[in-house]
Amino acid sequence: MGGYDEATVLFDLDGVLVDSTASIRAGLTAWAVERGLDVGAVLEHHHGRTDVDLARLFAPHLDPLAEAPRIEDHEAAAGGGVRGVPGARELLSELDAHGRPWAIVTSGSDRIARSRIAAAGLPLPRVLVTADQVARGKPHPAPYLLGAERMGVAPGRCVVVEDSVSGVRSGLDAGMPVVAVASTTDPGDLAHATTVVADLEAVAALLFP
């Protein structure tokens with residue numbers, strides 16, 4: 001393992017740097033109940049999807065562009081309990097101390113992403129790519145390609161840190177190696193990633209060999 005010591009690091013947010021599981025589940029449950037949807041199915045398949053794509057999948061009879069803000073409102077209302085993943089603050093500080101460029105590329109909205117970053121006590125990145133900024137979310141490569149573009153580097157000079165199946169596919173299809181952290185997804189489901197690790201401590205070992 002290795003070879004990432006000079007790469008620009010593109011982090012996913014939820015499940016990688018921030019533990020927002022309780023907030024997400026509460027917000028999606030409230031939305032699904034409000035719309036008469038299968039709560040279990042929504043919770044099972046939301047991971048790595050934008051709110052617009054989630055609405056398209058489970059509520060095709062409704063306007064997904066109108067539903068996304070409703071989902072966002074429910075998640076914002078259930079925003080308590082968000083915290084940084086163990087080792088996140090230390091890893092970002094180490095990257096900054098070594099002058100290593102990093103960004104966040106998330107399927108969440110700008111409003112939700114910024115509130116979770118603040119709630120977790122993490123620094124705001126110079127580049128934050130959110131669902132509001134791309135026409136197609138993960139697993140499409142567009143989010144990570146936009147991240148590389150805004151960081152001013154070629155995709156092959158980046159490394160993605162992800163925790164979802166769709167996020168891994170997004171990074172790989174953008175032409176980037178992907179380190180998958182098995183924090184929210186079974187390691188076997190992440191086997192298509194370049195490397196699968198257990199936690200951010202193992203990510204740090206790859207970034208600073």
# chains A, B, ... in the order shown; residues from 1 in each chain; ligands from 1
$ residues_around --residues "region 5-16 of chain A" --least-positions-apart "2" --cutoff "6 Å" --atoms "only C-alpha atoms" --output "list in words"
Gly3, Val18, Asp19, Pro101, Trp102, Ala103, Ile104, Val105, Thr106, Arg157, Cys158, Val159, Val160, Val161, Glu162, Leu207 and Phe208 of chain A
$ select_by_dssp --residues "chain A" --states "strand (DSSP E)" --output "mmCIF file with all heavy atoms, in the first residue's frame"
data_model
loop_
_atom_site.group_PDB
_atom_site.id
_atom_site.type_symbol
_atom_site.label_atom_id
_atom_site.label_comp_id
_atom_site.auth_asym_id
_atom_site.auth_seq_id
_atom_site.Cartn_x
_atom_site.Cartn_y
_atom_site.Cartn_z
ATOM 1 N N THR A 8 -3.463 15.062 -3.874
ATOM 2 C CA THR A 8 -4.506 15.905 -3.311
ATOM 3 C C THR A 8 -5.601 14.992 -2.788
ATOM 4 O O THR A 8 -6.037 14.076 -3.482
ATOM 5 C CB THR A 8 -5.069 16.846 -4.395
ATOM 6 O OG1 THR A 8 -4.051 17.783 -4.769
ATOM 7 C CG2 THR A 8 -6.293 17.605 -3.891
ATOM 8 N N VAL A 9 -6.067 15.243 -1.570
ATOM 9 C CA VAL A 9 -7.012 14.339 -0.921
ATOM 10 C C VAL A 9 -8.427 14.899 -1.036
ATOM 11 O O VAL A 9 -8.696 16.034 -0.624
ATOM 12 C CB VAL A 9 -6.655 14.130 0.558
ATOM 13 C CG1 VAL A 9 -7.538 13.032 1.154
ATOM 14 C CG2 VAL A 9 -5.173 13.765 0.716
ATOM 15 N N LEU A 10 -9.326 14.099 -1.596
ATOM 16 C CA LEU A 10 -10.737 14.468 -1.721
ATOM 17 C C LEU A 10 -11.550 13.575 -0.786
ATOM 18 O O LEU A 10 -11.712 12.382 -1.035
ATOM 19 C CB LEU A 10 -11.206 14.314 -3.165
ATOM 20 C CG LEU A 10 -10.416 15.079 -4.232
ATOM 21 C CD1 LEU A 10 -11.037 14.857 -5.612
ATOM 22 C CD2 LEU A 10 -10.354 16.572 -3.906
ATOM 23 N N PHE A 11 -12.036 14.160 0.295
ATOM 24 C CA PHE A 11 -12.795 13.411 1.295
ATOM 25 C C PHE A 11 -14.296 13.475 1.027
ATOM 26 O O PHE A 11 -14.834 14.551 0.729
ATOM 27 C CB PHE A 11 -12.583 14.008 2.696
ATOM 28 C CG PHE A 11 -11.213 13.832 3.271
ATOM 29 C CD1 PHE A 11 -10.298 14.886 3.228
ATOM 30 C CD2 PHE A 11 -10.846 12.659 3.900
ATOM 31 C CE1 PHE A 11 -9.034 14.755 3.793
ATOM 32 C CE2 PHE A 11 -9.590 12.509 4.469
ATOM 33 C CZ PHE A 11 -8.680 13.556 4.417
ATOM 34 N N VAL A 18 -17.353 12.998 9.351
ATOM 35 C CA VAL A 18 -18.423 13.366 10.278
ATOM 36 C C VAL A 18 -19.352 12.174 10.501
ATOM 37 O O VAL A 18 -19.750 11.503 9.541
ATOM 38 C CB VAL A 18 -19.231 14.560 9.717
ATOM 39 C CG1 VAL A 18 -20.526 14.758 10.477
ATOM 40 C CG2 VAL A 18 -18.392 15.830 9.767
ATOM 41 N N ASP A 19 -19.700 11.919 11.754
ATOM 42 C CA ASP A 19 -20.693 10.908 12.087
ATOM 43 C C ASP A 19 -22.036 11.607 12.237
ATOM 44 O O ASP A 19 -22.297 12.262 13.250
ATOM 45 C CB ASP A 19 -20.315 10.194 13.387
ATOM 46 C CG ASP A 19 -21.313 9.096 13.762
ATOM 47 O OD1 ASP A 19 -22.340 8.965 13.069
ATOM 48 O OD2 ASP A 19 -21.059 8.383 14.743
ATOM 49 N N ARG A 83 -21.103 14.666 15.155
ATOM 50 C CA ARG A 83 -19.772 14.795 15.755
ATOM 51 C C ARG A 83 -18.710 14.349 14.752
ATOM 52 O O ARG A 83 -19.010 13.649 13.789
ATOM 53 C CB ARG A 83 -19.654 13.970 17.030
ATOM 54 C CG ARG A 83 -19.813 12.467 16.826
ATOM 55 C CD ARG A 83 -19.763 11.742 18.166
ATOM 56 N NE ARG A 83 -19.756 10.297 18.005
ATOM 57 C CZ ARG A 83 -20.833 9.547 17.847
ATOM 58 N NH1 ARG A 83 -22.028 10.118 17.810
ATOM 59 N NH2 ARG A 83 -20.741 8.234 17.718
ATOM 60 N N GLY A 84 -17.487 14.756 15.007
ATOM 61 C CA GLY A 84 -16.395 14.350 14.147
ATOM 62 C C GLY A 84 -16.064 12.883 14.333
ATOM 63 O O GLY A 84 -16.143 12.349 15.439
ATOM 64 N N TRP A 102 -6.399 19.507 0.393
ATOM 65 C CA TRP A 102 -7.514 18.596 0.588
ATOM 66 C C TRP A 102 -8.830 19.351 0.379
ATOM 67 O O TRP A 102 -8.882 20.570 0.498
ATOM 68 C CB TRP A 102 -7.482 17.946 1.970
ATOM 69 C CG TRP A 102 -7.573 18.910 3.128
ATOM 70 C CD1 TRP A 102 -6.541 19.598 3.714
ATOM 71 C CD2 TRP A 102 -8.762 19.303 3.825
ATOM 72 N NE1 TRP A 102 -7.008 20.392 4.732
ATOM 73 C CE2 TRP A 102 -8.363 20.226 4.845
ATOM 74 C CE3 TRP A 102 -10.113 18.962 3.719
ATOM 75 C CZ2 TRP A 102 -9.280 20.806 5.717
ATOM 76 C CZ3 TRP A 102 -11.032 19.538 4.593
ATOM 77 C CH2 TRP A 102 -10.607 20.450 5.572
ATOM 78 N N ALA A 103 -9.853 18.595 0.047
ATOM 79 C CA ALA A 103 -11.175 19.167 -0.184
ATOM 80 C C ALA A 103 -12.217 18.169 0.298
ATOM 81 O O ALA A 103 -11.902 17.021 0.625
ATOM 82 C CB ALA A 103 -11.376 19.478 -1.665
ATOM 83 N N ILE A 104 -13.463 18.611 0.341
ATOM 84 C CA ILE A 104 -14.586 17.740 0.688
ATOM 85 C C ILE A 104 -15.543 17.696 -0.482
ATOM 86 O O ILE A 104 -15.901 18.732 -1.054
ATOM 87 C CB ILE A 104 -15.308 18.224 1.955
ATOM 88 C CG1 ILE A 104 -14.401 18.052 3.186
ATOM 89 C CG2 ILE A 104 -16.630 17.484 2.154
ATOM 90 C CD1 ILE A 104 -14.994 18.594 4.478
ATOM 91 N N VAL A 105 -15.964 16.479 -0.857
ATOM 92 C CA VAL A 105 -16.912 16.261 -1.946
ATOM 93 C C VAL A 105 -18.059 15.417 -1.376
ATOM 94 O O VAL A 105 -17.884 14.237 -1.085
ATOM 95 C CB VAL A 105 -16.249 15.536 -3.129
ATOM 96 C CG1 VAL A 105 -17.262 15.290 -4.246
ATOM 97 C CG2 VAL A 105 -15.058 16.333 -3.649
ATOM 98 N N LEU A 128 -15.295 23.032 -1.285
ATOM 99 C CA LEU A 128 -16.379 22.192 -0.796
ATOM 100 C C LEU A 128 -17.344 21.963 -1.951
ATOM 101 O O LEU A 128 -18.037 22.881 -2.383
ATOM 102 C CB LEU A 128 -17.094 22.862 0.377
ATOM 103 C CG LEU A 128 -18.361 22.183 0.903
ATOM 104 C CD1 LEU A 128 -18.056 20.794 1.451
ATOM 105 C CD2 LEU A 128 -19.021 23.051 1.988
ATOM 106 N N VAL A 129 -17.380 20.737 -2.480
ATOM 107 C CA VAL A 129 -18.287 20.388 -3.569
ATOM 108 C C VAL A 129 -19.511 19.718 -2.963
ATOM 109 O O VAL A 129 -19.396 18.721 -2.249
ATOM 110 C CB VAL A 129 -17.610 19.443 -4.581
ATOM 111 C CG1 VAL A 129 -18.606 19.012 -5.653
ATOM 112 C CG2 VAL A 129 -16.403 20.120 -5.218
ATOM 113 N N CYS A 158 -5.138 12.915 -7.626
ATOM 114 C CA CYS A 158 -5.982 12.936 -6.431
ATOM 115 C C CYS A 158 -6.118 11.537 -5.849
ATOM 116 O O CYS A 158 -5.908 10.540 -6.532
ATOM 117 C CB CYS A 158 -7.386 13.457 -6.772
ATOM 118 S SG CYS A 158 -7.441 15.143 -7.410
ATOM 119 N N VAL A 159 -6.486 11.472 -4.576
ATOM 120 C CA VAL A 159 -6.926 10.229 -3.959
ATOM 121 C C VAL A 159 -8.228 10.526 -3.225
ATOM 122 O O VAL A 159 -8.360 11.554 -2.563
ATOM 123 C CB VAL A 159 -5.867 9.646 -2.992
ATOM 124 C CG1 VAL A 159 -5.530 10.616 -1.872
ATOM 125 C CG2 VAL A 159 -6.345 8.311 -2.414
ATOM 126 N N VAL A 160 -9.201 9.643 -3.393
ATOM 127 C CA VAL A 160 -10.520 9.808 -2.788
ATOM 128 C C VAL A 160 -10.591 8.962 -1.515
ATOM 129 O O VAL A 160 -10.096 7.836 -1.478
ATOM 130 C CB VAL A 160 -11.613 9.360 -3.780
ATOM 131 C CG1 VAL A 160 -12.966 9.218 -3.087
ATOM 132 C CG2 VAL A 160 -11.705 10.342 -4.941
ATOM 133 N N VAL A 161 -11.219 9.518 -0.475
ATOM 134 C CA VAL A 161 -11.493 8.766 0.752
ATOM 135 C C VAL A 161 -12.999 8.699 0.913
ATOM 136 O O VAL A 161 -13.659 9.727 1.078
ATOM 137 C CB VAL A 161 -10.835 9.414 1.984
ATOM 138 C CG1 VAL A 161 -11.068 8.549 3.223
ATOM 139 C CG2 VAL A 161 -9.335 9.614 1.753
ATOM 140 N N GLU A 162 -13.559 7.497 0.832
ATOM 141 C CA GLU A 162 -15.002 7.280 0.775
ATOM 142 C C GLU A 162 -15.438 6.197 1.762
ATOM 143 O O GLU A 162 -14.612 5.457 2.307
ATOM 144 C CB GLU A 162 -15.414 6.839 -0.638
ATOM 145 C CG GLU A 162 -15.918 7.959 -1.517
ATOM 146 C CD GLU A 162 -17.312 8.441 -1.146
ATOM 147 O OE1 GLU A 162 -17.964 7.811 -0.273
ATOM 148 O OE2 GLU A 162 -17.752 9.442 -1.732
ATOM 149 N N VAL A 178 -9.143 5.084 -4.907
ATOM 150 C CA VAL A 178 -10.098 5.305 -3.826
ATOM 151 C C VAL A 178 -9.724 4.464 -2.608
ATOM 152 O O VAL A 178 -9.607 3.239 -2.709
ATOM 153 C CB VAL A 178 -11.534 4.958 -4.255
ATOM 154 C CG1 VAL A 178 -12.506 5.167 -3.091
ATOM 155 C CG2 VAL A 178 -11.961 5.796 -5.457
ATOM 156 N N VAL A 179 -9.550 5.140 -1.481
ATOM 157 C CA VAL A 179 -9.374 4.461 -0.202
ATOM 158 C C VAL A 179 -10.749 4.405 0.465
ATOM 159 O O VAL A 179 -11.331 5.451 0.769
ATOM 160 C CB VAL A 179 -8.372 5.205 0.701
ATOM 161 C CG1 VAL A 179 -8.268 4.505 2.053
ATOM 162 C CG2 VAL A 179 -7.007 5.284 0.032
ATOM 163 N N ALA A 180 -11.266 3.219 0.649
ATOM 164 C CA ALA A 180 -12.585 3.045 1.260
ATOM 165 C C ALA A 180 -12.434 2.760 2.739
ATOM 166 O O ALA A 180 -11.704 1.843 3.134
ATOM 167 C CB ALA A 180 -13.334 1.910 0.577
ATOM 168 N N VAL A 181 -13.126 3.544 3.560
ATOM 169 C CA VAL A 181 -13.129 3.341 5.008
ATOM 170 C C VAL A 181 -14.390 2.556 5.361
ATOM 171 O O VAL A 181 -15.506 3.020 5.122
ATOM 172 C CB VAL A 181 -13.121 4.685 5.756
ATOM 173 C CG1 VAL A 181 -13.059 4.451 7.262
ATOM 174 C CG2 VAL A 181 -11.957 5.550 5.304
ATOM 175 N N THR A 195 -8.212 0.421 -2.226
ATOM 176 C CA THR A 195 -7.776 -0.079 -0.928
ATOM 177 C C THR A 195 -8.932 0.056 0.057
ATOM 178 O O THR A 195 -9.654 1.050 0.017
ATOM 179 C CB THR A 195 -6.574 0.743 -0.392
ATOM 180 O OG1 THR A 195 -5.529 0.733 -1.356
ATOM 181 C CG2 THR A 195 -6.062 0.186 0.923
ATOM 182 N N VAL A 196 -9.105 -0.931 0.935
ATOM 183 C CA VAL A 196 -10.121 -0.863 1.985
ATOM 184 C C VAL A 196 -9.417 -0.867 3.335
ATOM 185 O O VAL A 196 -8.553 -1.717 3.586
ATOM 186 C CB VAL A 196 -11.102 -2.046 1.898
ATOM 187 C CG1 VAL A 196 -12.163 -1.942 3.002
ATOM 188 C CG2 VAL A 196 -11.778 -2.097 0.530
ATOM 189 N N VAL A 197 -9.769 0.103 4.186
ATOM 190 C CA VAL A 197 -9.160 0.204 5.508
ATOM 191 C C VAL A 197 -10.261 0.310 6.561
ATOM 192 O O VAL A 197 -11.431 0.512 6.240
ATOM 193 C CB VAL A 197 -8.212 1.418 5.606
ATOM 194 C CG1 VAL A 197 -7.071 1.288 4.599
ATOM 195 C CG2 VAL A 197 -8.971 2.724 5.388
#
$ residues_around --residues "Glu201 (chain A)" --least-positions-apart "6" --cutoff "10 Å" --atoms "only C-alpha atoms" --output "count of residues only"
6
$ atom_distance --atom1 "CA of Thr130 (chain A)" --atom2 "CA of Tyr144 (chain A)"
10.3 Å
$ atom_distance --atom1 "CA of Ser23 (chain A)" --atom2 "CA of Ser166 (chain A)"
20.4 Å
$ closest_residue --among "A:Arg150, A:His140, A:Arg35, A:Arg56" --to "Val165 (chain A)" --atoms "only C-alpha atoms"
A:His140
$ residues_around --residues "Val82 (chain A)" --least-positions-apart "2" --cutoff "10 Å" --atoms "only C-alpha atoms" --output "PyMOL selection string"
chain A and resi 14+18-24+78-80+84-85+115-121
$ write_last_selection --atoms "N, CA and C atoms" --output "mmCIF file, in the first residue's frame"
data_model
loop_
_atom_site.group_PDB
_atom_site.id
_atom_site.type_symbol
_atom_site.label_atom_id
_atom_site.label_comp_id
_atom_site.auth_asym_id
_atom_site.auth_seq_id
_atom_site.Cartn_x
_atom_site.Cartn_y
_atom_site.Cartn_z
ATOM 1 N N ASP A 14 -19.975 12.667 5.186
ATOM 2 C CA ASP A 14 -20.728 11.830 6.130
ATOM 3 C C ASP A 14 -20.192 10.403 6.138
ATOM 4 N N VAL A 18 -17.353 12.998 9.351
ATOM 5 C CA VAL A 18 -18.423 13.366 10.278
ATOM 6 C C VAL A 18 -19.352 12.174 10.501
ATOM 7 N N ASP A 19 -19.700 11.919 11.754
ATOM 8 C CA ASP A 19 -20.693 10.908 12.087
ATOM 9 C C ASP A 19 -22.036 11.607 12.237
ATOM 10 N N SER A 20 -22.858 11.494 11.206
ATOM 11 C CA SER A 20 -24.169 12.153 11.198
ATOM 12 C C SER A 20 -25.287 11.127 11.035
ATOM 13 N N THR A 21 -24.992 9.870 11.367
ATOM 14 C CA THR A 21 -25.939 8.782 11.123
ATOM 15 C C THR A 21 -27.289 9.032 11.773
ATOM 16 N N ALA A 22 -27.288 9.431 13.040
ATOM 17 C CA ALA A 22 -28.549 9.628 13.752
ATOM 18 C C ALA A 22 -29.382 10.732 13.120
ATOM 19 N N SER A 23 -28.716 11.826 12.747
ATOM 20 C CA SER A 23 -29.415 12.958 12.128
ATOM 21 C C SER A 23 -30.013 12.566 10.784
ATOM 22 N N ILE A 24 -29.231 11.854 9.978
ATOM 23 C CA ILE A 24 -29.704 11.446 8.652
ATOM 24 C C ILE A 24 -30.894 10.507 8.768
ATOM 25 N N ALA A 78 -33.324 17.611 12.620
ATOM 26 C CA ALA A 78 -32.803 16.491 13.417
ATOM 27 C C ALA A 78 -31.286 16.563 13.511
ATOM 28 N N GLY A 79 -30.740 17.769 13.525
ATOM 29 C CA GLY A 79 -29.290 17.960 13.407
ATOM 30 C C GLY A 79 -28.479 17.698 14.653
ATOM 31 N N GLY A 80 -29.109 17.425 15.776
ATOM 32 C CA GLY A 80 -28.350 17.185 16.996
ATOM 33 C C GLY A 80 -27.550 15.895 16.938
ATOM 34 N N GLY A 84 -17.487 14.756 15.007
ATOM 35 C CA GLY A 84 -16.395 14.350 14.147
ATOM 36 C C GLY A 84 -16.064 12.883 14.333
ATOM 37 N N VAL A 85 -15.704 12.209 13.248
ATOM 38 C CA VAL A 85 -15.240 10.831 13.328
ATOM 39 C C VAL A 85 -13.893 10.832 14.053
ATOM 40 N N SER A 115 -23.219 23.036 8.024
ATOM 41 C CA SER A 115 -23.681 22.921 9.412
ATOM 42 C C SER A 115 -23.056 21.715 10.097
ATOM 43 N N ARG A 116 -22.874 20.614 9.365
ATOM 44 C CA ARG A 116 -22.279 19.424 9.972
ATOM 45 C C ARG A 116 -20.787 19.609 10.216
ATOM 46 N N ILE A 117 -20.103 20.253 9.295
ATOM 47 C CA ILE A 117 -18.674 20.534 9.489
ATOM 48 C C ILE A 117 -18.490 21.388 10.750
ATOM 49 N N ALA A 118 -19.341 22.412 10.903
ATOM 50 C CA ALA A 118 -19.252 23.289 12.073
ATOM 51 C C ALA A 118 -19.605 22.533 13.351
ATOM 52 N N ALA A 119 -20.667 21.728 13.301
ATOM 53 C CA ALA A 119 -21.089 20.987 14.494
ATOM 54 C C ALA A 119 -20.020 20.012 14.959
ATOM 55 N N ALA A 120 -19.266 19.465 14.006
ATOM 56 C CA ALA A 120 -18.213 18.505 14.339
ATOM 57 C C ALA A 120 -16.919 19.182 14.756
ATOM 58 N N GLY A 121 -16.869 20.521 14.652
ATOM 59 C CA GLY A 121 -15.678 21.252 15.036
ATOM 60 C C GLY A 121 -14.522 21.071 14.073
#
$ closest_residue --among "A:Gly137, A:Pro143, A:Pro69, A:Gly108" --to "Trp31 (chain A)" --atoms "only C-alpha atoms"
A:Pro69
$ residues_around --residues "His74 (chain A)" --least-positions-apart "3" --cutoff "8 Å" --atoms "only C-alpha atoms" --output "VMD selection string"
chain A and resid 26 to 28 30 to 31 70 to 71 77 to 78
$ write_last_selection --atoms "all heavy atoms" --output "PDB file, in the first residue's frame"
ATOM      1  N   ALA A  26     -32.996  10.080  11.248  1.00  0.00           N
ATOM      2  CA  ALA A  26     -34.182  10.748  11.788  1.00  0.00           C
ATOM      3  C   ALA A  26     -34.849  11.621  10.727  1.00  0.00           C
ATOM      4  O   ALA A  26     -36.079  11.622  10.585  1.00  0.00           O
ATOM      5  CB  ALA A  26     -33.796  11.583  13.005  1.00  0.00           C
ATOM      6  N   GLY A  27     -34.029  12.369   9.971  1.00  0.00           N
ATOM      7  CA  GLY A  27     -34.586  13.236   8.942  1.00  0.00           C
ATOM      8  C   GLY A  27     -35.254  12.461   7.826  1.00  0.00           C
ATOM      9  O   GLY A  27     -36.348  12.819   7.365  1.00  0.00           O
ATOM     10  N   LEU A  28     -34.611  11.390   7.356  1.00  0.00           N
ATOM     11  CA  LEU A  28     -35.187  10.594   6.273  1.00  0.00           C
ATOM     12  C   LEU A  28     -36.433   9.846   6.731  1.00  0.00           C
ATOM     13  O   LEU A  28     -37.387   9.674   5.957  1.00  0.00           O
ATOM     14  CB  LEU A  28     -34.145   9.604   5.744  1.00  0.00           C
ATOM     15  CG  LEU A  28     -32.979  10.229   4.978  1.00  0.00           C
ATOM     16  CD1 LEU A  28     -31.983   9.152   4.560  1.00  0.00           C
ATOM     17  CD2 LEU A  28     -33.468  10.999   3.760  1.00  0.00           C
ATOM     18  N   ALA A  30     -38.569  10.936   8.975  1.00  0.00           N
ATOM     19  CA  ALA A  30     -39.644  11.935   9.014  1.00  0.00           C
ATOM     20  C   ALA A  30     -40.172  12.227   7.615  1.00  0.00           C
ATOM     21  O   ALA A  30     -41.399  12.333   7.405  1.00  0.00           O
ATOM     22  CB  ALA A  30     -39.128  13.218   9.664  1.00  0.00           C
ATOM     23  N   TRP A  31     -39.260  12.339   6.636  1.00  0.00           N
ATOM     24  CA  TRP A  31     -39.691  12.597   5.253  1.00  0.00           C
ATOM     25  C   TRP A  31     -40.474  11.419   4.700  1.00  0.00           C
ATOM     26  O   TRP A  31     -41.544  11.608   4.079  1.00  0.00           O
ATOM     27  CB  TRP A  31     -38.481  12.873   4.373  1.00  0.00           C
ATOM     28  CG  TRP A  31     -38.812  12.986   2.912  1.00  0.00           C
ATOM     29  CD1 TRP A  31     -39.521  13.995   2.306  1.00  0.00           C
ATOM     30  CD2 TRP A  31     -38.476  12.056   1.877  1.00  0.00           C
ATOM     31  NE1 TRP A  31     -39.631  13.746   0.949  1.00  0.00           N
ATOM     32  CE2 TRP A  31     -39.005  12.567   0.660  1.00  0.00           C
ATOM     33  CE3 TRP A  31     -37.774  10.853   1.850  1.00  0.00           C
ATOM     34  CZ2 TRP A  31     -38.860  11.895  -0.561  1.00  0.00           C
ATOM     35  CZ3 TRP A  31     -37.621  10.191   0.638  1.00  0.00           C
ATOM     36  CH2 TRP A  31     -38.161  10.708  -0.546  1.00  0.00           C
ATOM     37  N   ARG A  70     -37.315  19.613   1.180  1.00  0.00           N
ATOM     38  CA  ARG A  70     -38.106  19.057   2.280  1.00  0.00           C
ATOM     39  C   ARG A  70     -37.264  18.060   3.072  1.00  0.00           C
ATOM     40  O   ARG A  70     -37.294  18.042   4.305  1.00  0.00           O
ATOM     41  CB  ARG A  70     -39.380  18.384   1.762  1.00  0.00           C
ATOM     42  CG  ARG A  70     -40.332  19.300   1.034  1.00  0.00           C
ATOM     43  CD  ARG A  70     -41.622  18.589   0.658  1.00  0.00           C
ATOM     44  NE  ARG A  70     -42.438  18.338   1.838  1.00  0.00           N
ATOM     45  CZ  ARG A  70     -43.345  19.199   2.323  1.00  0.00           C
ATOM     46  NH1 ARG A  70     -43.499  20.373   1.728  1.00  0.00           N
ATOM     47  NH2 ARG A  70     -44.058  18.896   3.379  1.00  0.00           N
ATOM     48  N   ILE A  71     -36.529  17.207   2.345  1.00  0.00           N
ATOM     49  CA  ILE A  71     -35.630  16.265   3.019  1.00  0.00           C
ATOM     50  C   ILE A  71     -34.595  17.028   3.829  1.00  0.00           C
ATOM     51  O   ILE A  71     -34.303  16.704   4.984  1.00  0.00           O
ATOM     52  CB  ILE A  71     -34.948  15.341   1.990  1.00  0.00           C
ATOM     53  CG1 ILE A  71     -35.984  14.478   1.263  1.00  0.00           C
ATOM     54  CG2 ILE A  71     -33.909  14.461   2.675  1.00  0.00           C
ATOM     55  CD1 ILE A  71     -35.419  13.663   0.117  1.00  0.00           C
ATOM     56  N   ALA A  77     -33.664  19.757  11.003  1.00  0.00           N
ATOM     57  CA  ALA A  77     -34.420  19.741  12.258  1.00  0.00           C
ATOM     58  C   ALA A  77     -33.916  18.651  13.195  1.00  0.00           C
ATOM     59  O   ALA A  77     -34.064  18.745  14.417  1.00  0.00           O
ATOM     60  CB  ALA A  77     -35.906  19.537  11.970  1.00  0.00           C
ATOM     61  N   ALA A  78     -33.324  17.611  12.620  1.00  0.00           N
ATOM     62  CA  ALA A  78     -32.803  16.491  13.417  1.00  0.00           C
ATOM     63  C   ALA A  78     -31.286  16.563  13.511  1.00  0.00           C
ATOM     64  O   ALA A  78     -30.607  15.539  13.598  1.00  0.00           O
ATOM     65  CB  ALA A  78     -33.231  15.166  12.785  1.00  0.00           C
TER      66      ALA A  78
END
$ select_by_dssp --residues "chain A" --states "helix (DSSP H, G or I)" --output "ChimeraX atom specification"
/A:21-35,39-45,51-58,64-77,88-97,110-119,131-133,142-151,155-157,165-173,187-190,200-207
$ closest_residue --among "A:Val134, A:Ala76, A:Leu124, A:Ala154" --to "Arg89 (chain A)" --atoms "only C-alpha atoms"
A:Leu124
$ closest_residue --among "A:Pro64, A:Asp51, A:Phe58, A:Ser93" --to "Ile112 (chain A)" --atoms "only C-alpha atoms"
A:Asp51
$ closest_residue --among "A:Gly156, A:Ala198, A:Ala191, A:Pro139" --to "Ser170 (chain A)" --atoms "only C-alpha atoms"
A:Pro139
